[in-house]
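Asker: Provided herewith is a single structure, encoded as structure tokens, for subsequent inquiry.
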2 protein chains.
Amino acid sequence: MDSATPRRRRPRADARRNYERLLAEADAVFREHGVDASLERIARQAGVAIGTLYKHFPTRLALIAALLRERHDALFARGDALLADASPGAALATWIRLVVAHAATYQGLAALFIVGPGLKAAELAEDCARLASVTEQLVGTARAAGALRPEVTSADVSALMNAAAWVHEEISADQANRLLDLAVAGMTPTGTALGS
Amino acid sequence: MDSATPRRRRPRADARRNYERLLAEADAVFREHGVDASLERIARQAGVAIGTLYKHFPTRLALIAALLRERHDALFARGDALLADASPGAALATWIRLVVAHAATYQGLAALFIVGPGLKAAELAEDCARLASVTEQLVGTARAAGALRPEVTSADVSALMNAAAWVHEEISADQANRLLDLAVAGMTPTGTALGS
DNA sequence: CAAGATAGGTGAGGGTGCCTCAACTTAGCA
DNA sequence: TGCTAAGTTGAGGCACCCTCACCTATCTTG
């Protein structure tokens with residue numbers, strides 16, 4: 001059964017072009033109208049028929065996932081680096097800010113991260129798992145270093161990040177920051193900022 | 001100009017019936033599918049043509065507002081009562097819980113409260129204003145009583161309430177409670193629950 | 001470099017939902 | 001009892017979702 005050598009033909013040039021244009025327009029449209037924006041509009045703006053969009057991205061989530069691919073890799077890399085940080089509290093604080101900023105890129109994105117493993121977002125399940133994993137490790141080290149109250153779970157931190165991202169989307173970045181500051185203060189033994 | 005006496009005819013019996021049935025079905029459907037559920041489905045379930053629904057409730061928001069009318073009056077009444085509470089901290093804590101529970105009734109409701117005064121939700125503008133007003137007064141008295149850190153604003157509390165309602169909708173009631181506990185601890189001078 | 005194979009592109013079409021409006025019904029009132 | 005305004009109806013226009021049968025352009029091989 002070494003039929004594992006089907007000699008994949010090189011992808012057509014126009015296909016590659018369309019793929020890139022679709023990603024670019026999707027990013028623009030999602031930034032302006034959120035992740036529920038019209039896919040037909042994206043195809044239109046990319047100068048492509050709707051069928052072509054569906055060929056490249058069978059579902060809305062597949063499109064979103066492709067759009068986030070590079071950004072997620074970069075994000076998780078930074079997360080891994082933070083695990084080696086000398087100050088676990090400060091590292092966690094940085095991580096929280098990074099994730100919130102990321103999750104607030106498109107309106108509605110934070111909600112997708114929550115659905116995560118659910119059937120609804122299979123295409124994002126792995127990303128969500130990695131996100132949760134990094135968060136859990138950072139929370140673990142921060143707690144071990146005494147920077148967090150012992151009863152604070154990584155689920156608490158995840159919920160806070162998503163909630164802050166939602167506030168960022170729906171109200172303002174400033175209000176999201178204030179919420180973060182307050183909630184984080186409630187998570188530290190000293191009632192102050194993390195990594196003091 | 002005393003044409004202010006047009007002798008309104010009594011509303012038709014079937015009209016009244018349809019109005020009530022629409023409200024009942026809307027409540028059921030919104031509870032199950034959130035505030036973005038299909039209006040045609042609601043009309044169908046109410047055994048009424050779609051035009052009838054639009055006759056009674058010209059916009060989705062008009063329907064939602066009608067649905068919330070009584071509940072809001074009750075909520076604001078409780079809020080006013082809490083203003084006279086002997087323990088301003090505990091009163092604020094109760095208020096926060098009440099509002100979060102209310103805002104989490106239908107998926108998507110919390111987001112509407114935020115849009116509030118915006119053009120998008122004119123039908124809810126007044127309700128939002130009253131909500132904000134009660135919150136502001138309770139925050140004021142709590143702060144004056146030293147139950148809140150001085151830099152905490154009523155906007156902070158409002159954002160927290162909406163964020164917690166969102167967590168309630170999207171994750172779980174339990175996680176929403178934990179977020180509330182943590183954030184509230186960050187708002188008190190002692191770093192503990194309100195109204196201690 | 002020609003021509004075959006095939007990945008890729010297209011857009012009509014069926015489904016759902018939003019909202020409007022002209023024509024029809026029916027319950028209240030005199 | 002019959003007039004009439006309030007109320008009801010559902011087709012129809014628009015937008016979006018997603019699929020699929022049928023083309024078409026590009027890569028590849030001889």
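Identifiers for the structure tokens are assigned positionally: chains receive A, B, ... in sequence, residues are indexed from 1 per chain, and ligands are indexed from 1 in the order shown.
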For Asp174 in chain B, work out the shell of residues within 12 Å, counting only C-alpha atoms (C1' of nucleotides) and skipping chain neighbours fewer than 2 positions away, then give it as a list in words.
Answerer: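 Here the qualifying residues turn out to be Ala155, Asp156 and Ala159 of chain A; Ala101, Ala164, Ala165, Val167, His168, Glu169, Glu170, Ile171, Ser172, Ala176, Asn177, Arg178, Leu179, Leu180 and Asp181 of chain B.
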Asker: Residues as selected, N, CA, C and O atoms, written as a PDB file, in the first residue's frame, can you do that?
Answerer:
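Okay, this is what ended up in again_16.pdb:
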ATOM      1  N   ALA A 155      -9.084  27.856  34.727  1.00  0.00           N
ATOM      2  CA  ALA A 155     -10.389  28.143  34.115  1.00  0.00           C
ATOM      3  C   ALA A 155     -10.845  29.552  34.476  1.00  0.00           C
ATOM      4  O   ALA A 155     -11.440  30.257  33.654  1.00  0.00           O
ATOM      5  N   ASP A 156     -10.538  29.972  35.699  1.00  0.00           N
ATOM      6  CA  ASP A 156     -10.880  31.337  36.101  1.00  0.00           C
ATOM      7  C   ASP A 156     -10.164  32.350  35.220  1.00  0.00           C
ATOM      8  O   ASP A 156     -10.741  33.332  34.762  1.00  0.00           O
ATOM      9  N   ALA A 159     -11.600  32.328  31.698  1.00  0.00           N
ATOM     10  CA  ALA A 159     -12.888  33.026  31.646  1.00  0.00           C
ATOM     11  C   ALA A 159     -12.666  34.535  31.697  1.00  0.00           C
ATOM     12  O   ALA A 159     -13.301  35.296  30.963  1.00  0.00           O
TER      13      ALA A 159
ATOM     14  N   ALA B 101     -28.030  37.957  36.840  1.00  0.00           N
ATOM     15  CA  ALA B 101     -29.007  36.895  36.595  1.00  0.00           C
ATOM     16  C   ALA B 101     -30.010  37.343  35.536  1.00  0.00           C
ATOM     17  O   ALA B 101     -30.370  36.586  34.625  1.00  0.00           O
ATOM     18  N   ALA B 164     -19.928  39.412  33.300  1.00  0.00           N
ATOM     19  CA  ALA B 164     -20.331  38.212  34.037  1.00  0.00           C
ATOM     20  C   ALA B 164     -21.569  37.587  33.402  1.00  0.00           C
ATOM     21  O   ALA B 164     -21.687  36.366  33.311  1.00  0.00           O
ATOM     22  N   ALA B 165     -22.488  38.427  32.955  1.00  0.00           N
ATOM     23  CA  ALA B 165     -23.676  37.895  32.280  1.00  0.00           C
ATOM     24  C   ALA B 165     -23.265  37.149  31.024  1.00  0.00           C
ATOM     25  O   ALA B 165     -23.805  36.084  30.703  1.00  0.00           O
ATOM     26  N   VAL B 167     -20.383  35.664  30.479  1.00  0.00           N
ATOM     27  CA  VAL B 167     -19.781  34.398  30.894  1.00  0.00           C
ATOM     28  C   VAL B 167     -20.875  33.401  31.280  1.00  0.00           C
ATOM     29  O   VAL B 167     -20.802  32.223  30.946  1.00  0.00           O
ATOM     30  N   HIS B 168     -21.881  33.918  31.945  1.00  0.00           N
ATOM     31  CA  HIS B 168     -23.021  33.078  32.332  1.00  0.00           C
ATOM     32  C   HIS B 168     -23.647  32.454  31.095  1.00  0.00           C
ATOM     33  O   HIS B 168     -23.910  31.248  31.040  1.00  0.00           O
ATOM     34  N   GLU B 169     -23.865  33.256  30.071  1.00  0.00           N
ATOM     35  CA  GLU B 169     -24.465  32.776  28.812  1.00  0.00           C
ATOM     36  C   GLU B 169     -23.571  31.762  28.108  1.00  0.00           C
ATOM     37  O   GLU B 169     -24.029  30.740  27.612  1.00  0.00           O
ATOM     38  N   GLU B 170     -22.287  32.114  28.016  1.00  0.00           N
ATOM     39  CA  GLU B 170     -21.396  31.375  27.125  1.00  0.00           C
ATOM     40  C   GLU B 170     -20.668  30.220  27.804  1.00  0.00           C
ATOM     41  O   GLU B 170     -20.283  29.269  27.142  1.00  0.00           O
ATOM     42  N   ILE B 171     -20.394  30.347  29.083  1.00  0.00           N
ATOM     43  CA  ILE B 171     -19.655  29.280  29.762  1.00  0.00           C
ATOM     44  C   ILE B 171     -20.568  28.583  30.754  1.00  0.00           C
ATOM     45  O   ILE B 171     -21.120  27.539  30.464  1.00  0.00           O
ATOM     46  N   SER B 172     -20.740  29.196  31.905  1.00  0.00           N
ATOM     47  CA  SER B 172     -21.627  28.581  32.891  1.00  0.00           C
ATOM     48  C   SER B 172     -21.919  29.573  34.000  1.00  0.00           C
ATOM     49  O   SER B 172     -21.186  30.544  34.203  1.00  0.00           O
ATOM     50  N   ALA B 176     -19.345  32.237  35.970  1.00  0.00           N
ATOM     51  CA  ALA B 176     -19.720  33.642  36.095  1.00  0.00           C
ATOM     52  C   ALA B 176     -19.631  34.083  37.552  1.00  0.00           C
ATOM     53  O   ALA B 176     -19.147  35.186  37.865  1.00  0.00           O
ATOM     54  N   ASN B 177     -20.068  33.226  38.441  1.00  0.00           N
ATOM     55  CA  ASN B 177     -19.995  33.544  39.859  1.00  0.00           C
ATOM     56  C   ASN B 177     -18.555  33.690  40.329  1.00  0.00           C
ATOM     57  O   ASN B 177     -18.231  34.582  41.113  1.00  0.00           O
ATOM     58  N   ARG B 178     -17.720  32.804  39.855  1.00  0.00           N
ATOM     59  CA  ARG B 178     -16.310  32.878  40.256  1.00  0.00           C
ATOM     60  C   ARG B 178     -15.685  34.174  39.746  1.00  0.00           C
ATOM     61  O   ARG B 178     -14.913  34.826  40.463  1.00  0.00           O
ATOM     62  N   LEU B 179     -16.017  34.538  38.517  1.00  0.00           N
ATOM     63  CA  LEU B 179     -15.495  35.802  37.999  1.00  0.00           C
ATOM     64  C   LEU B 179     -15.964  36.971  38.859  1.00  0.00           C
ATOM     65  O   LEU B 179     -15.185  37.861  39.211  1.00  0.00           O
ATOM     66  N   LEU B 180     -17.226  36.948  39.217  1.00  0.00           N
ATOM     67  CA  LEU B 180     -17.765  38.019  40.057  1.00  0.00           C
ATOM     68  C   LEU B 180     -17.010  38.090  41.379  1.00  0.00           C
ATOM     69  O   LEU B 180     -16.596  39.167  41.825  1.00  0.00           O
ATOM     70  N   ASP B 181     -16.828  36.934  41.996  1.00  0.00           N
ATOM     71  CA  ASP B 181     -16.156  36.913  43.287  1.00  0.00           C
ATOM     72  C   ASP B 181     -14.753  37.516  43.178  1.00  0.00           C
ATOM     73  O   ASP B 181     -14.347  38.346  43.994  1.00  0.00           O
TER      74      ASP B 181
END
Asker: Kindly assemble as CSV a list of the chain C residues that lie within 10 Å of range 13-36 of chain B, each paired with its nearest atom pair and their distance in Å to one decimal, using only C-alpha atoms (C1' of nucleotides), sorted first by chain and then by ascending residue number.
Answerer:
residue,atom,partner,partner_atom,distance
C:DT26,C1',B:Asp14,CA,9.2
C:DA27,C1',B:Ala13,CA,7.5
C:DG28,C1',B:Ala13,CA,9.5
Asker: How about saving the chosen residues, N, CA, C and O atoms (P, O5', C5', C4', C3', O3' and C1' of nucleotides) kept, as a PDB file, in the first residue's frame?
Answerer:
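Saved result, part.pdb, follows:
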ATOM      1  P    DT C  26     -63.168  36.366   8.932  1.00  0.00           P
ATOM      2  O5'  DT C  26     -63.277  37.319  10.192  1.00  0.00           O
ATOM      3  C5'  DT C  26     -62.091  37.657  10.897  1.00  0.00           C
ATOM      4  C4'  DT C  26     -62.415  38.704  11.933  1.00  0.00           C
ATOM      5  C3'  DT C  26     -63.777  38.512  12.611  1.00  0.00           C
ATOM      6  O3'  DT C  26     -63.603  38.828  13.970  1.00  0.00           O
ATOM      7  C1'  DT C  26     -63.653  40.677  11.725  1.00  0.00           C
ATOM      8  P    DA C  27     -64.371  37.923  15.086  1.00  0.00           P
ATOM      9  O5'  DA C  27     -64.338  38.919  16.321  1.00  0.00           O
ATOM     10  C5'  DA C  27     -63.109  39.555  16.622  1.00  0.00           C
ATOM     11  C4'  DA C  27     -63.367  41.023  16.907  1.00  0.00           C
ATOM     12  C3'  DA C  27     -64.430  41.301  17.964  1.00  0.00           C
ATOM     13  O3'  DA C  27     -63.948  42.372  18.730  1.00  0.00           O
ATOM     14  C1'  DA C  27     -64.990  42.450  16.008  1.00  0.00           C
ATOM     15  P    DG C  28     -64.431  42.613  20.204  1.00  0.00           P
ATOM     16  O5'  DG C  28     -65.036  44.070  20.028  1.00  0.00           O
ATOM     17  C5'  DG C  28     -64.268  45.200  20.358  1.00  0.00           C
ATOM     18  C4'  DG C  28     -64.894  46.390  19.682  1.00  0.00           C
ATOM     19  C3'  DG C  28     -66.032  47.026  20.502  1.00  0.00           C
ATOM     20  O3'  DG C  28     -65.682  48.381  20.651  1.00  0.00           O
ATOM     21  C1'  DG C  28     -66.702  46.692  18.236  1.00  0.00           C
TER      22       DG C  28
END
Asker: Counting only C-alpha atoms, give me one row per residue of chain B with an atom at most 6 Å from an atom of chain A, showing the shortest contact pair and its distance in Å to one decimal, sorted by chain then residue number, as a tab-separated table.
Answerer:
residue	atom	partner	partner_atom	distance
B:Ala163	CA	A:Ala163	CA	5.4
B:Leu182	CA	A:Gly186	CA	4.8
B:Ala183	CA	A:Ala183	CA	3.9
B:Ala185	CA	A:Gly186	CA	4.7
B:Gly186	CA	A:Gly186	CA	3.8
B:Gly191	CA	A:Gly191	CA	5.7
Asker: Restrict the selected residues to N, CA and C atoms and save them as a PDB file, in the first residue's frame.
Answerer:
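And here's part_38.pdb as it stands now:
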ATOM      1  N   ALA B 163     -20.076  41.643  31.658  1.00  0.00           N
ATOM      2  CA  ALA B 163     -19.101  40.591  31.356  1.00  0.00           C
ATOM      3  C   ALA B 163     -19.499  39.297  32.061  1.00  0.00           C
ATOM      4  N   LEU B 182     -14.042  37.095  42.161  1.00  0.00           N
ATOM      5  CA  LEU B 182     -12.673  37.574  41.999  1.00  0.00           C
ATOM      6  C   LEU B 182     -12.635  39.080  41.740  1.00  0.00           C
ATOM      7  N   ALA B 183     -13.447  39.522  40.803  1.00  0.00           N
ATOM      8  CA  ALA B 183     -13.417  40.939  40.447  1.00  0.00           C
ATOM      9  C   ALA B 183     -13.888  41.811  41.602  1.00  0.00           C
ATOM     10  N   ALA B 185     -13.621  41.113  44.734  1.00  0.00           N
ATOM     11  CA  ALA B 185     -12.530  41.159  45.710  1.00  0.00           C
ATOM     12  C   ALA B 185     -11.512  42.223  45.312  1.00  0.00           C
ATOM     13  N   GLY B 186     -11.305  42.368  44.014  1.00  0.00           N
ATOM     14  CA  GLY B 186     -10.369  43.390  43.544  1.00  0.00           C
ATOM     15  C   GLY B 186     -10.888  44.803  43.694  1.00  0.00           C
ATOM     16  N   GLY B 191      -9.935  43.451  49.866  1.00  0.00           N
ATOM     17  CA  GLY B 191      -9.672  42.328  48.984  1.00  0.00           C
ATOM     18  C   GLY B 191     -10.538  41.133  49.284  1.00  0.00           C
TER      19      GLY B 191
END
Asker: Find the residues of chain A that sit at most 10 Å from chain D; for each, write down the nearest two atoms and how far apart they are in Å, to one decimal. Count only C-alpha atoms (C1' of nucleotides). Sort by chain, then by number going up, and give it as a tab-separated table.
Answerer:
residue	atom	partner	partner_atom	distance
A:Arg9	CA	D:DC27	C1'	7.2
A:Arg10	CA	D:DC27	C1'	7.1
A:Pro11	CA	D:DC27	C1'	8.3
A:Arg12	CA	D:DT26	C1'	5.9
A:Ala13	CA	D:DT26	C1'	7.6
A:Asp14	CA	D:DT26	C1'	8.5
A:Ala15	CA	D:DT26	C1'	9.8
A:Ala37	CA	D:DC16	C1'	10.0
A:Ser38	CA	D:DC16	C1'	7.0
A:Leu39	CA	D:DC16	C1'	8.3
A:Glu40	CA	D:DC16	C1'	7.5
A:Arg41	CA	D:DC16	C1'	9.6
A:Ile50	CA	D:DC18	C1'	9.4
A:Gly51	CA	D:DT19	C1'	8.7
A:Tyr54	CA	D:DC18	C1'	8.3
A:Pro58	CA	D:DC18	C1'	9.3
A:Thr59	CA	D:DC18	C1'	9.3
Asker: Include N, CA and C atoms and write out the residues we just selected as an mmCIF file, in the first residue's frame.
Answerer:
data_model
loop_
_atom_site.group_PDB
_atom_site.id
_atom_site.type_symbol
_atom_site.label_atom_id
_atom_site.label_comp_id
_atom_site.auth_asym_id
_atom_site.auth_seq_id
_atom_site.Cartn_x
_atom_site.Cartn_y
_atom_site.Cartn_z
ATOM 1 N N ARG A 9 0.212 17.131 -7.840
ATOM 2 C CA ARG A 9 0.492 18.156 -8.839
ATOM 3 C C ARG A 9 0.678 19.497 -8.132
ATOM 4 N N ARG A 10 1.487 20.353 -8.660
ATOM 5 C CA ARG A 10 1.683 21.659 -8.029
ATOM 6 C C ARG A 10 0.385 22.475 -8.167
ATOM 7 N N PRO A 11 -0.024 23.162 -7.090
ATOM 8 C CA PRO A 11 -1.285 23.925 -7.145
ATOM 9 C C PRO A 11 -1.260 24.980 -8.246
ATOM 10 N N ARG A 12 -2.390 25.187 -8.837
ATOM 11 C CA ARG A 12 -2.489 26.167 -9.919
ATOM 12 C C ARG A 12 -2.189 27.566 -9.404
ATOM 13 N N ALA A 13 -1.633 28.369 -10.299
ATOM 14 C CA ALA A 13 -1.246 29.726 -9.899
ATOM 15 C C ALA A 13 -2.458 30.557 -9.510
ATOM 16 N N ASP A 14 -3.518 30.468 -10.290
ATOM 17 C CA ASP A 14 -4.698 31.280 -9.967
ATOM 18 C C ASP A 14 -5.323 30.841 -8.656
ATOM 19 N N ALA A 15 -5.228 29.549 -8.366
ATOM 20 C CA ALA A 15 -5.779 29.051 -7.106
ATOM 21 C C ALA A 15 -5.063 29.706 -5.929
ATOM 22 N N ALA A 37 -19.718 38.272 9.578
ATOM 23 C CA ALA A 37 -19.918 39.033 8.344
ATOM 24 C C ALA A 37 -20.267 38.105 7.180
ATOM 25 N N SER A 38 -20.828 38.693 6.155
ATOM 26 C CA SER A 38 -21.278 37.922 4.992
ATOM 27 C C SER A 38 -20.117 37.358 4.190
ATOM 28 N N LEU A 39 -20.173 36.050 3.963
ATOM 29 C CA LEU A 39 -19.135 35.401 3.160
ATOM 30 C C LEU A 39 -19.263 35.800 1.695
ATOM 31 N N GLU A 40 -20.479 36.039 1.247
ATOM 32 C CA GLU A 40 -20.669 36.454 -0.149
ATOM 33 C C GLU A 40 -19.991 37.805 -0.377
ATOM 34 N N ARG A 41 -20.052 38.652 0.623
ATOM 35 C CA ARG A 41 -19.395 39.937 0.520
ATOM 36 C C ARG A 41 -17.892 39.756 0.384
ATOM 37 N N ILE A 50 -18.728 32.818 -5.308
ATOM 38 C CA ILE A 50 -18.933 32.266 -3.969
ATOM 39 C C ILE A 50 -18.454 30.818 -3.872
ATOM 40 N N GLY A 51 -18.636 30.078 -4.945
ATOM 41 C CA GLY A 51 -18.206 28.686 -4.942
ATOM 42 C C GLY A 51 -16.718 28.539 -4.706
ATOM 43 N N TYR A 54 -15.948 28.710 -1.064
ATOM 44 C CA TYR A 54 -16.268 27.463 -0.373
ATOM 45 C C TYR A 54 -15.311 26.341 -0.754
ATOM 46 N N PRO A 58 -14.199 25.329 3.328
ATOM 47 C CA PRO A 58 -15.511 24.664 3.321
ATOM 48 C C PRO A 58 -16.487 25.242 4.342
ATOM 49 N N THR A 59 -15.956 25.792 5.409
ATOM 50 C CA THR A 59 -16.835 26.370 6.423
ATOM 51 C C THR A 59 -16.281 27.726 6.851
#
Asker: Please report, as JSON lines, each residue of chain C lying at most 12 Å from chain B, together with the nearest pair of atoms and the separation in Å rounded to one decimal; use only C-alpha atoms (C1' of nucleotides), and order rows by chain and ascending residue number.
Answerer:
{"residue": "C:DT16", "atom": "C1'", "partner": "B:Ser38", "partner_atom": "CA", "distance": 9.4}
{"residue": "C:DG17", "atom": "C1'", "partner": "B:Ser38", "partner_atom": "CA", "distance": 6.9}
{"residue": "C:DC18", "atom": "C1'", "partner": "B:Leu39", "partner_atom": "CA", "distance": 8.6}
{"residue": "C:DC19", "atom": "C1'", "partner": "B:Tyr54", "partner_atom": "CA", "distance": 8.3}
{"residue": "C:DT20", "atom": "C1'", "partner": "B:Gly51", "partner_atom": "CA", "distance": 8.7}
{"residue": "C:DC21", "atom": "C1'", "partner": "B:Gly51", "partner_atom": "CA", "distance": 9.6}
{"residue": "C:DT25", "atom": "C1'", "partner": "B:Asp14", "partner_atom": "CA", "distance": 11.9}
{"residue": "C:DT26", "atom": "C1'", "partner": "B:Arg12", "partner_atom": "CA", "distance": 9.0}
{"residue": "C:DA27", "atom": "C1'", "partner": "B:Arg12", "partner_atom": "CA", "distance": 6.1}
{"residue": "C:DG28", "atom": "C1'", "partner": "B:Arg10", "partner_atom": "CA", "distance": 7.2}
{"residue": "C:DC29", "atom": "C1'", "partner": "B:Arg9", "partner_atom": "CA", "distance": 8.3}
Asker: Next, dump the selected residues to file, keeping only N, CA, C and O atoms (P, O5', C5', C4', C3', O3' and C1' of nucleotides), as a PDB file, in the first residue's frame.
Answerer:
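Once everything was written out, this is part.pdb:
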ATOM      1  P    DT C  16     -36.313  25.576   4.671  1.00  0.00           P
ATOM      2  O5'  DT C  16     -35.672  26.894   5.282  1.00  0.00           O
ATOM      3  C5'  DT C  16     -34.469  26.804   6.036  1.00  0.00           C
ATOM      4  C4'  DT C  16     -34.050  28.202   6.445  1.00  0.00           C
ATOM      5  C3'  DT C  16     -35.192  28.966   7.114  1.00  0.00           C
ATOM      6  O3'  DT C  16     -34.782  29.333   8.427  1.00  0.00           O
ATOM      7  C1'  DT C  16     -34.120  30.288   5.444  1.00  0.00           C
ATOM      8  P    DG C  17     -35.817  29.980   9.435  1.00  0.00           P
ATOM      9  O5'  DG C  17     -35.481  31.540   9.331  1.00  0.00           O
ATOM     10  C5'  DG C  17     -34.156  31.970   9.540  1.00  0.00           C
ATOM     11  C4'  DG C  17     -34.071  33.432   9.160  1.00  0.00           C
ATOM     12  C3'  DG C  17     -35.279  34.248   9.646  1.00  0.00           C
ATOM     13  O3'  DG C  17     -34.837  35.331  10.467  1.00  0.00           O
ATOM     14  C1'  DG C  17     -34.823  34.675   7.348  1.00  0.00           C
ATOM     15  P    DC C  18     -35.825  36.376  11.077  1.00  0.00           P
ATOM     16  O5'  DC C  18     -35.665  37.621  10.092  1.00  0.00           O
ATOM     17  C5'  DC C  18     -34.433  38.308  10.025  1.00  0.00           C
ATOM     18  C4'  DC C  18     -34.575  39.506   9.128  1.00  0.00           C
ATOM     19  C3'  DC C  18     -35.702  40.451   9.564  1.00  0.00           C
ATOM     20  O3'  DC C  18     -35.213  41.772   9.686  1.00  0.00           O
ATOM     21  C1'  DC C  18     -35.984  39.810   7.275  1.00  0.00           C
ATOM     22  P    DC C  19     -35.998  42.805  10.617  1.00  0.00           P
ATOM     23  O5'  DC C  19     -37.047  43.390   9.567  1.00  0.00           O
ATOM     24  C5'  DC C  19     -36.548  44.078   8.427  1.00  0.00           C
ATOM     25  C4'  DC C  19     -37.662  44.286   7.429  1.00  0.00           C
ATOM     26  C3'  DC C  19     -38.928  44.955   7.988  1.00  0.00           C
ATOM     27  O3'  DC C  19     -39.001  46.256   7.422  1.00  0.00           O
ATOM     28  C1'  DC C  19     -39.421  43.162   6.482  1.00  0.00           C
ATOM     29  P    DT C  20     -40.331  47.161   7.541  1.00  0.00           P
ATOM     30  O5'  DT C  20     -41.131  46.867   6.184  1.00  0.00           O
ATOM     31  C5'  DT C  20     -40.447  46.994   4.958  1.00  0.00           C
ATOM     32  C4'  DT C  20     -41.432  46.930   3.801  1.00  0.00           C
ATOM     33  C3'  DT C  20     -42.697  47.757   4.016  1.00  0.00           C
ATOM     34  O3'  DT C  20     -43.057  48.306   2.752  1.00  0.00           O
ATOM     35  C1'  DT C  20     -43.298  45.512   3.685  1.00  0.00           C
ATOM     36  P    DC C  21     -43.975  49.611   2.650  1.00  0.00           P
ATOM     37  O5'  DC C  21     -45.141  49.114   1.681  1.00  0.00           O
ATOM     38  C5'  DC C  21     -44.931  47.991   0.817  1.00  0.00           C
ATOM     39  C4'  DC C  21     -46.279  47.397   0.431  1.00  0.00           C
ATOM     40  C3'  DC C  21     -47.482  48.265   0.793  1.00  0.00           C
ATOM     41  O3'  DC C  21     -48.507  48.022  -0.164  1.00  0.00           O
ATOM     42  C1'  DC C  21     -47.697  46.225   1.874  1.00  0.00           C
ATOM     43  P    DT C  25     -61.803  37.633   2.503  1.00  0.00           P
ATOM     44  O5'  DT C  25     -61.707  37.445   4.067  1.00  0.00           O
ATOM     45  C5'  DT C  25     -61.082  38.467   4.794  1.00  0.00           C
ATOM     46  C4'  DT C  25     -60.992  38.122   6.263  1.00  0.00           C
ATOM     47  C3'  DT C  25     -62.314  37.803   6.924  1.00  0.00           C
ATOM     48  O3'  DT C  25     -62.023  37.085   8.107  1.00  0.00           O
ATOM     49  C1'  DT C  25     -61.613  39.976   7.568  1.00  0.00           C
ATOM     50  P    DT C  26     -63.168  36.366   8.932  1.00  0.00           P
ATOM     51  O5'  DT C  26     -63.277  37.319  10.192  1.00  0.00           O
ATOM     52  C5'  DT C  26     -62.091  37.657  10.897  1.00  0.00           C
ATOM     53  C4'  DT C  26     -62.415  38.704  11.933  1.00  0.00           C
ATOM     54  C3'  DT C  26     -63.777  38.512  12.611  1.00  0.00           C
ATOM     55  O3'  DT C  26     -63.603  38.828  13.970  1.00  0.00           O
ATOM     56  C1'  DT C  26     -63.653  40.677  11.725  1.00  0.00           C
ATOM     57  P    DA C  27     -64.371  37.923  15.086  1.00  0.00           P
ATOM     58  O5'  DA C  27     -64.338  38.919  16.321  1.00  0.00           O
ATOM     59  C5'  DA C  27     -63.109  39.555  16.622  1.00  0.00           C
ATOM     60  C4'  DA C  27     -63.367  41.023  16.907  1.00  0.00           C
ATOM     61  C3'  DA C  27     -64.430  41.301  17.964  1.00  0.00           C
ATOM     62  O3'  DA C  27     -63.948  42.372  18.730  1.00  0.00           O
ATOM     63  C1'  DA C  27     -64.990  42.450  16.008  1.00  0.00           C
ATOM     64  P    DG C  28     -64.431  42.613  20.204  1.00  0.00           P
ATOM     65  O5'  DG C  28     -65.036  44.070  20.028  1.00  0.00           O
ATOM     66  C5'  DG C  28     -64.268  45.200  20.358  1.00  0.00           C
ATOM     67  C4'  DG C  28     -64.894  46.390  19.682  1.00  0.00           C
ATOM     68  C3'  DG C  28     -66.032  47.026  20.502  1.00  0.00           C
ATOM     69  O3'  DG C  28     -65.682  48.381  20.651  1.00  0.00           O
ATOM     70  C1'  DG C  28     -66.702  46.692  18.236  1.00  0.00           C
ATOM     71  P    DC C  29     -66.363  49.234  21.812  1.00  0.00           P
ATOM     72  O5'  DC C  29     -67.371  50.163  21.017  1.00  0.00           O
ATOM     73  C5'  DC C  29     -66.928  50.818  19.841  1.00  0.00           C
ATOM     74  C4'  DC C  29     -68.113  51.210  18.991  1.00  0.00           C
ATOM     75  C3'  DC C  29     -69.312  51.764  19.791  1.00  0.00           C
ATOM     76  O3'  DC C  29     -69.571  53.067  19.317  1.00  0.00           O
ATOM     77  C1'  DC C  29     -70.012  50.180  18.159  1.00  0.00           C
TER      78       DC C  29
END
Asker: Residues of range 27-84 of chain B in alpha helix (DSSP H) according to DSSP, as an MDAnalysis selection string?
Answerer: chainID B and resid 27:33 39:45 50:56 60:83
Asker: Pick from B:His102, B:Ala122, B:Met161, B:Ala132: nearest to Arg71 in chain B, with only C-alpha atoms counted?
Answerer: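 Ranked by minimum distance to Arg71 in chain B, first place goes to B:His102.
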